[in-house]
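K.L.:
Below you'll find the structure I mean.
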Amino acid sequence: MLNFLPPALVGLIAGLLLALNILFWVPILLVFAVIKLVLPFKAVRLRIDPVILSIAENWISGNSAWMKLTQHTSWDVQGFEGLRPDQWYMVSSNHQSWVDIFVLQHLLNRRIPLLKFFLKQQLIWVPVMGLAWWALEFPFMRRHSEAYLKKHPEMRGKDQETTRKACEKFALIPTSVMNFLEGTRMTPAKHAQQQFPYTHLLKPKAGGLALALQAMGDKFHSVLDVTIYYPDGIPTFGDFLCGRMRRVVVRARSIEIPPELLNGNYGEDAEFRAGFSAWVAELWRTKDTELARLKADLKP
């Protein structure tokens with residue numbers, strides 16, 4: 001570990017190692033992605049997809065290696081026993097920082113299949129990483145305001161269709177679908193706008209989870225519910241690179257999905273939508289209580 005160095009120098013080294021790891025693995029990843037693009041057959045896909053996923057896992061292992069070298073972090077982790085890389089997982093977590101993604105990947109890499117995230121459409125233009133996310137078939141979503149949808153009602157079902165098509169691909173080989181139910185990073189300003197009903201969370205958006213379960217209900221029977229807490233304050237990405245993330249607390253639990261919530265139509269069935277939203281709200285209340293307990297027990 002490099003904790004004896006000034007934080008700015010640690011950040012410079014970590015950032016360089018992060019960039020080198022990206023530039024090493026992404027070109028290799030793209031070679032196999034292009035092969036799959038040119039030969040779009042199921043037989044080819046079944047052979048190429050495991051190779052692509054293995055490349056991504058090695059990439060994440062590289063991130064974990066430079067994290068161990070540059071970070072002086074205490075990890076308090078519970079609930080990850082019994083996970084398997086040959087099963088399908090629906091993963092849900094609270095979201096506070098870009099650092100959450102590194103935490104989740106570090107803890108879940110090779111314990112379960114590669115996490116697939118739903119991303120904003122604009123992120124496809126991020127240099128290098130946009131191509132990597134495309135190669136890994138992370139779904140890109142267009143999020144429109146309600147005002148825009150009123151003017152363009154034909155766009156209302158586009159994200160649902162994107163979700164459905166992505167989940168059809170995910171059904172071919174074991175996959176982990178990652179869903180930040182809050183839909184955005186929790187900040188004090190965003191939390192103040194909502195005011196209630198949660199003390200430590202934003203309101204969950206159940207639609208994405210419902211659509212994924214609707215498309216792949218025969219694969220998912222439980223949700224791996226993850227709670228992340230930073231006792232010394234939510235780190236920025238710069239804090240993370242500079243080694244200022246001293247403690248991370250992560251709790252996970254497997255929650256069985258009620259069978260009646262696996263096959264309904266969230267978009268068109270109002271009764272099903274109400275029942276599904278109530279189930280998600282209860283899941284979120286439990287997470288809010290867990291965060292309150294962790295904050296009380298693990299004060300800065």
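How things are named: the first chain in the structure tokens is A, the next is B, and so on; residues count from 1 in each chain; ligands count from 1 in the order shown.
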Once you count only C-alpha atoms, what closest atom pair and distance in Å to one decimal does each residue of stretch 90-199 of chain A within 8 Å of stretch 42-56 of chain A have, with rows by chain and rising residue number, as a tab-separated table?
P.N.:
```
residue	atom	partner	partner_atom	distance
A:Leu114	CA	A:Leu53	CA	6.6
A:Leu136	CA	A:Ile52	CA	7.3
A:Leu172	CA	A:Leu46	CA	7.6
A:Ile173	CA	A:Leu46	CA	7.6
```
K.L.:
What's the 8 Å shell around A:Phe240, counting only C-alpha atoms, without same-chain residues fewer than 3 positions away, as a ChimeraX atom specification?
P.N.:
/A:11,71,99,235-237,243-245
K.L.:
If DSSP is run on the backbone, what residues of stretch 164-253 of chain A are strand (DSSP E or B)? A reply as a PyMOL selection string would be ideal.
P.N.:
chain A and resi 176-179+222-229+247-253
K.L.:
Run DSSP on the backbone of this structure and report the residues of stretch 15-235 of chain A it assigns to alpha helix (DSSP H), as a PyMOL selection string.
P.N.:
chain A and resi 15-38+42-70+99-108+129-135+146-151+158-170+188-194+207-216
K.L.:
State, in Å with one decimal place, the distance from atom CA of A:Ser93 to atom CA of A:Leu224.
P.N.:
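Result for atom CA of A:Ser93 versus atom CA of A:Leu224: 8.5 Å, one decimal.
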K.L.:
So that I can check the surroundings of A:Val280, please list as a list of chain:residue names every protein, DNA and RNA residue that reaches within 12 Å of it, counting only C-alpha atoms and ignoring chain neighbours fewer than 5 positions away.
P.N.:
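The residues satisfying every condition are A:Ser92, A:Leu181, A:Glu182, A:Lys203, A:Pro204, A:Lys205, A:Ala206, A:Gly207, A:Gly208, A:Leu209, A:Ala210, A:Val223, A:Asp225, A:Ile255, A:Ile257, A:Pro258, A:Leu261, A:Arg273, A:Ala274, A:Gly275, A:Arg285, A:Thr286, A:Lys287.
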K.L.:
I'd like to know which of A:Ala192, A:Glu268, A:Asp232, A:Pro27 is closest to A:Ser74, using only C-alpha atoms.
P.N.:
A:Asp232
K.L.:
Suppose you want the space between atom CA of A:Val77 and atom CA of A:His221; what is it in Å?
P.N.:
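These atoms are spaced 23.5 Å apart.
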K.L.:
Could you pull the residues within 10 Å of A:Asn263, counting only C-alpha atoms, minus those fewer than 5 positions along the same chain, as a ChimeraX atom specification?
P.N.:
/A:210-211,213-218,272
K.L.:
Would you please work out which residue, of A:Leu18, A:Glu290, A:Pro188, A:Phe32, is nearest to A:Ile234 when using only C-alpha atoms?
P.N.:
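Using only C-alpha atoms, A:Ile234 sits closest to A:Pro188.
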K.L.:
Calculated over only C-alpha atoms, which of the candidates A:Val91, A:Ala166, A:Met186, A:Ile35 has the smallest distance to A:Thr199?
P.N.:
A:Met186
K.L.:
What's around A:Arg84 at 9 Å? Count only C-alpha atoms, leave out sequence neighbours fewer than 6 positions away in its own chain, and write the answer as a list in words.
P.N.:
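Near A:Arg84, the qualifying residues are Arg110, Arg111, Ile112 and Pro113 of chain A.
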K.L.:
Report the distance between atom CA of A:Leu20 and atom CA of A:Asn58 in Å, rounded to one decimal place.
P.N.:
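Those two atoms sit 13.4 Å apart.
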